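This report concerns only the one structure given below.
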Amino acid sequence: MTPPFTGPIADGVPEPVHVPIGLERSLPGTLSLPPHPAGIVLFAHGSGSSRLSPRNLFVANRLFAANVGWLLFDLLTEAEAQSRTNVFDIQFLAARLRTATDWVAAYPATRDLPIGYFGASTGAAAALRAAADDERIRAVVSRGGRPDLAGDALHEVRVPTLLIVGGADPAVLELNLQALAAIGGTKELVVVPRATHLFEEPGTLEAAASHAAEWFKRYLPETAGVAQSADAVVGC
């Protein structure tokens, strides 16, 4: 007799989970699903951050309000995170994100849900590299990201991609403009006025979260239409 499923369910309550990464190891995370989720978004945090990032949690809660579930998890174990090489190894981080995607695609509470990625800082590069050859991924959003670090994988990205950059973060804005040109498929860059790299200015993180929620609402559902490829740069 199959035991009843007792893991997180679509009840709106964030619950702790452990994402297996082999050899009896796992990564801690938090999973939250609204009652009838339109999809689930995996968060890939940047260097120096973790699943406890207040900025990513703020965005996650905005997604939840838009009927999108989320998984916040650590990309590295505590031991791995001690190495700066691991922290900036985009290929390794992308592989770890794929492992988490495999788990989400098999987990009873999430296996039937469309999947998206939200990346910040270096996590954006990992998200784009992981999405480049994975047809399960429906949408990617980057906030203050370094998509340029995804390298040649940008040319293989076909998933609808939104790049959100602060208007007061000129160096990262230029890198995002270059990445936008390399990405294939549906893509857009939104510039949030007055925002610096961490979106700490009043109202800027709220604006970024709203753009992310709208993007996922548009492109996560199976019935979402896909626009023609174009470099779109939007101010707000």
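Here's how to read the names in the structure tokens: chain A, B, ... by the order shown, residue numbers from 1 in each chain, ligand numbers from 1 in the order shown.
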Closest atom pairs, segment 125-189 of chain A residues within 10 Å of segment 99-107 of chain A, only C-alpha atoms, as CSV:
```
residue,atom,partner,partner_atom,distance
A:Ala130,CA,A:Thr101,CA,9.4
A:Asp134,CA,A:Thr101,CA,9.7
A:Arg136,CA,A:Ala105,CA,8.7
A:Ile137,CA,A:Thr101,CA,8.9
```
Query raised in the report: So which residues of segment 4-229 of chain A fall under strand (DSSP E or B) by DSSP, listed as a ChimeraX atom specification?
Result: /A:15-22,25-32,40-44,69-73,115-120,137-143,161-166,187-192
**Report entry** Residue neighbourhood segment 13-23 of chain A, 7 Å, only C-alpha atoms, exclusion window fewer than 4 positions, as a list in words
**Finding:**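 Residues near the query, excluding close chain neighbours: Pro8, Leu27, Pro28, Gly29, Thr30, Leu31, Ser32, Thr99, Ala100 and Trp103 of chain A.
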Based on the selection just made, write N, CA and C atoms of those residues as an mmCIF file, in the first residue's frame.
```
data_model
loop_
_atom_site.group_PDB
_atom_site.id
_atom_site.type_symbol
_atom_site.label_atom_id
_atom_site.label_comp_id
_atom_site.auth_asym_id
_atom_site.auth_seq_id
_atom_site.Cartn_x
_atom_site.Cartn_y
_atom_site.Cartn_z
ATOM 1 N N PRO A 8 4.695 19.155 1.400
ATOM 2 C CA PRO A 8 3.990 20.409 1.173
ATOM 3 C C PRO A 8 2.874 20.259 0.144
ATOM 4 N N LEU A 27 19.896 19.996 -0.236
ATOM 5 C CA LEU A 27 19.957 21.436 -0.054
ATOM 6 C C LEU A 27 18.680 21.899 0.626
ATOM 7 N N PRO A 28 18.778 22.711 1.681
ATOM 8 C CA PRO A 28 17.573 23.186 2.358
ATOM 9 C C PRO A 28 16.834 24.225 1.519
ATOM 10 N N GLY A 29 15.518 24.200 1.630
ATOM 11 C CA GLY A 29 14.723 25.164 0.883
ATOM 12 C C GLY A 29 13.378 25.388 1.531
ATOM 13 N N THR A 30 12.638 26.326 0.946
ATOM 14 C CA THR A 30 11.277 26.614 1.381
ATOM 15 C C THR A 30 10.378 26.621 0.152
ATOM 16 N N LEU A 31 9.284 25.900 0.235
ATOM 17 C CA LEU A 31 8.335 25.780 -0.866
ATOM 18 C C LEU A 31 6.995 26.357 -0.437
ATOM 19 N N SER A 32 6.402 27.169 -1.311
ATOM 20 C CA SER A 32 5.091 27.735 -1.011
ATOM 21 C C SER A 32 4.229 27.698 -2.263
ATOM 22 N N THR A 99 19.361 20.297 -11.214
ATOM 23 C CA THR A 99 19.054 19.225 -10.269
ATOM 24 C C THR A 99 17.798 19.557 -9.480
ATOM 25 N N ALA A 100 17.686 20.804 -9.040
ATOM 26 C CA ALA A 100 16.494 21.233 -8.320
ATOM 27 C C ALA A 100 15.264 21.181 -9.229
ATOM 28 N N TRP A 103 13.975 17.727 -9.416
ATOM 29 C CA TRP A 103 13.235 17.393 -8.193
ATOM 30 C C TRP A 103 11.825 17.975 -8.237
#
```
Query - Test item: residues at most 8 Å from segment 198-205 of chain A, only C-alpha atoms, excluding those fewer than 2 positions along its chain, as a list in words - result: Arg55, Val59, Gly144, Gly166, Val192, Pro193, Arg194, Ala195, Thr196, Ala207, Ala208 and Ala209 of chain A
Residues of the last selection are to be written out with N, CA and C atoms, as a PDB file, in the first residue's frame.
```
ATOM      1  N   ARG A  55      15.170  40.227  -0.042  1.00  0.00           N
ATOM      2  CA  ARG A  55      14.729  40.775  -1.328  1.00  0.00           C
ATOM      3  C   ARG A  55      14.038  39.698  -2.165  1.00  0.00           C
ATOM      4  N   VAL A  59       9.994  39.333  -3.404  1.00  0.00           N
ATOM      5  CA  VAL A  59       9.521  39.020  -4.756  1.00  0.00           C
ATOM      6  C   VAL A  59       8.679  37.754  -4.735  1.00  0.00           C
ATOM      7  N   GLY A 144      18.599  42.866 -11.431  1.00  0.00           N
ATOM      8  CA  GLY A 144      19.947  43.323 -11.134  1.00  0.00           C
ATOM      9  C   GLY A 144      20.965  42.238 -11.424  1.00  0.00           C
ATOM     10  N   GLY A 166      18.351  48.434 -12.552  1.00  0.00           N
ATOM     11  CA  GLY A 166      18.180  49.747 -11.963  1.00  0.00           C
ATOM     12  C   GLY A 166      18.734  50.838 -12.860  1.00  0.00           C
ATOM     13  N   VAL A 192      14.287  50.315 -14.086  1.00  0.00           N
ATOM     14  CA  VAL A 192      13.554  50.910 -12.964  1.00  0.00           C
ATOM     15  C   VAL A 192      14.278  52.182 -12.538  1.00  0.00           C
ATOM     16  N   PRO A 193      13.662  53.346 -12.719  1.00  0.00           N
ATOM     17  CA  PRO A 193      14.323  54.616 -12.388  1.00  0.00           C
ATOM     18  C   PRO A 193      14.760  54.670 -10.922  1.00  0.00           C
ATOM     19  N   ARG A 194      15.910  55.297 -10.681  1.00  0.00           N
ATOM     20  CA  ARG A 194      16.457  55.565  -9.350  1.00  0.00           C
ATOM     21  C   ARG A 194      17.006  54.334  -8.641  1.00  0.00           C
ATOM     22  N   ALA A 195      16.768  53.153  -9.177  1.00  0.00           N
ATOM     23  CA  ALA A 195      17.203  51.936  -8.487  1.00  0.00           C
ATOM     24  C   ALA A 195      18.695  51.692  -8.694  1.00  0.00           C
ATOM     25  N   THR A 196      19.380  51.386  -7.606  1.00  0.00           N
ATOM     26  CA  THR A 196      20.768  50.947  -7.689  1.00  0.00           C
ATOM     27  C   THR A 196      20.777  49.417  -7.726  1.00  0.00           C
ATOM     28  N   ALA A 207       8.511  47.780  -7.644  1.00  0.00           N
ATOM     29  CA  ALA A 207       8.358  47.869  -9.096  1.00  0.00           C
ATOM     30  C   ALA A 207       8.933  46.636  -9.780  1.00  0.00           C
ATOM     31  N   ALA A 208      10.121  46.206  -9.348  1.00  0.00           N
ATOM     32  CA  ALA A 208      10.746  45.022  -9.933  1.00  0.00           C
ATOM     33  C   ALA A 208       9.886  43.784  -9.712  1.00  0.00           C
ATOM     34  N   ALA A 209       9.347  43.640  -8.497  1.00  0.00           N
ATOM     35  CA  ALA A 209       8.519  42.479  -8.189  1.00  0.00           C
ATOM     36  C   ALA A 209       7.251  42.468  -9.035  1.00  0.00           C
TER      37      ALA A 209
END
```
Query raised in the report: Which is closer to Glu78 of chain A than all the others in A:Ser26, A:Val140, A:Leu42, A:Ala127, using only C-alpha atoms?
Result: A:Ser26
Report task. Just the helix (DSSP H, G or I) stuff from segment 80-137 of chain A, please, per backbone DSSP, written as a ChimeraX atom specification. Result -> /A:80-81,84-87,90-106,122-131
Requested in this report: Name the closest residue to Leu72 of chain A among the candidates A:Arg158, A:Lys217, A:Leu52, A:Val87; distances are taken between atoms, counting only C-alpha atoms.
Outcome: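 The answer is A:Leu52, which sits nearest to Leu72 of chain A.
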Query raised in the report: What lies within 9 Å of Gly151 of chain A using only C-alpha atoms, ignoring chain neighbours under 5 positions off, as number ranges by chain?
Result: A: 125, 129, 179
Would you export the selected residues with N, CA and C atoms as a compact mmCIF listing (two decimals), in the first residue's frame, please?
```txt
# COMPACT_ATOMS: atom_id res chain seq x y z
N ALA A 125 22.75 34.55 -14.28
CA ALA A 125 23.54 33.84 -15.28
C ALA A 125 23.31 32.34 -15.18
N ARG A 129 21.72 29.99 -18.15
CA ARG A 129 22.48 28.84 -18.65
C ARG A 129 21.67 27.56 -18.46
N ALA A 179 23.70 41.67 -23.18
CA ALA A 179 23.12 40.33 -23.07
C ALA A 179 21.79 40.25 -23.81
```
Query - Pick from A:Ala38, A:Glu188, A:Val165, A:Leu75 nearest to Thr110 of chain A, counting only C-alpha atoms - result: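 Closest residue, counting only C-alpha atoms: A:Ala38.
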Query raised in the report: Which is closer to Asn67 of chain A than all the others in A:Ile40, A:Ile164, A:Ala79, A:Leu93, using only C-alpha atoms?
Result: A:Ile40
Show me, as an mmCIF file with C-alpha atoms, in the first residue's frame, the residues that have an atom within 12 Å of Ala131 of chain A when counting only C-alpha atoms, minus same-chain residues fewer than 3 positions from it.
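Writing done, so here's out-v2.cif:
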```
data_model
loop_
_atom_site.group_PDB
_atom_site.id
_atom_site.type_symbol
_atom_site.label_atom_id
_atom_site.label_comp_id
_atom_site.auth_asym_id
_atom_site.auth_seq_id
_atom_site.Cartn_x
_atom_site.Cartn_y
_atom_site.Cartn_z
ATOM 1 C CA LEU A 42 12.706 28.523 -8.671
ATOM 2 C CA ALA A 44 18.641 31.411 -8.018
ATOM 3 C CA GLN A 91 28.281 26.251 -14.946
ATOM 4 C CA ALA A 94 23.428 26.035 -13.406
ATOM 5 C CA ALA A 95 23.890 22.290 -12.982
ATOM 6 C CA LEU A 97 19.642 24.519 -10.570
ATOM 7 C CA ARG A 98 18.886 21.768 -13.095
ATOM 8 C CA THR A 101 14.350 21.437 -11.463
ATOM 9 C CA ILE A 115 8.357 26.029 -14.260
ATOM 10 C CA GLY A 116 10.093 29.404 -14.318
ATOM 11 C CA TYR A 117 13.370 30.811 -12.988
ATOM 12 C CA PHE A 118 14.057 34.050 -11.134
ATOM 13 C CA GLY A 119 17.727 34.991 -10.858
ATOM 14 C CA ALA A 124 20.681 35.259 -13.230
ATOM 15 C CA ALA A 125 23.543 33.842 -15.282
ATOM 16 C CA ALA A 126 23.006 30.408 -13.752
ATOM 17 C CA ALA A 127 19.282 30.612 -14.501
ATOM 18 C CA LEU A 128 19.837 31.531 -18.145
ATOM 19 C CA ASP A 134 15.724 22.770 -20.942
ATOM 20 C CA GLU A 135 12.333 22.809 -22.651
ATOM 21 C CA ARG A 136 10.576 22.533 -19.275
ATOM 22 C CA ILE A 137 11.409 26.146 -18.444
ATOM 23 C CA ARG A 138 8.688 28.551 -19.581
ATOM 24 C CA ALA A 139 10.031 31.929 -18.441
ATOM 25 C CA VAL A 140 13.073 33.590 -16.852
ATOM 26 C CA VAL A 141 13.319 36.879 -14.962
ATOM 27 C CA ALA A 150 26.190 33.029 -18.947
ATOM 28 C CA ALA A 153 24.798 29.996 -23.582
ATOM 29 C CA LEU A 154 22.919 33.277 -24.123
ATOM 30 C CA HIS A 155 22.704 32.502 -27.830
ATOM 31 C CA GLU A 156 20.866 29.265 -27.002
ATOM 32 C CA VAL A 157 18.229 30.914 -24.791
ATOM 33 C CA ARG A 158 14.785 30.780 -26.399
ATOM 34 C CA VAL A 159 12.620 31.004 -23.284
ATOM 35 C CA PRO A 160 10.817 34.343 -22.737
ATOM 36 C CA THR A 161 13.298 36.407 -20.735
ATOM 37 C CA ILE A 183 19.421 36.304 -26.195
#
```
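Going from atom CA of Pro147 of chain A over to atom CA of Thr122 of chain A, you cover 7.5 Å.
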Requested in this report: Find the residues near Ala120 of chain A: any atom within 6 Å, counting only C-alpha atoms, skip ones fewer than 4 places away on the same chain, and give them as an MDAnalysis selection string.
Outcome: chainID A and resid 45:46 124 142:145
Save out the residues we just selected, N, CA and C atoms, as a short mmCIF file (atom, residue, chain, number, x, y, z; two decimals), in the first residue's frame.
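What landed in selection.cif:
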```
data_model
loop_
_atom_site.label_atom_id
_atom_site.label_comp_id
_atom_site.auth_asym_id
_atom_site.auth_seq_id
_atom_site.Cartn_x
_atom_site.Cartn_y
_atom_site.Cartn_z
N HIS A 45 19.72 32.67 -6.24
CA HIS A 45 20.26 33.88 -5.62
C HIS A 45 21.69 34.14 -6.08
N GLY A 46 22.16 35.34 -5.82
CA GLY A 46 23.50 35.73 -6.23
C GLY A 46 24.54 35.44 -5.17
N ALA A 124 21.35 35.06 -11.95
CA ALA A 124 20.68 35.26 -13.23
C ALA A 124 21.43 34.53 -14.34
N SER A 142 15.33 38.17 -14.56
CA SER A 142 16.59 38.55 -13.90
C SER A 142 16.40 39.90 -13.25
N ARG A 143 16.79 40.02 -11.96
CA ARG A 143 16.74 41.32 -11.28
C ARG A 143 18.14 41.73 -10.88
N GLY A 144 18.60 42.87 -11.43
CA GLY A 144 19.95 43.32 -11.13
C GLY A 144 20.97 42.24 -11.42
N GLY A 145 20.73 41.49 -12.48
CA GLY A 145 21.53 40.31 -12.77
C GLY A 145 22.76 40.57 -13.61
#
```
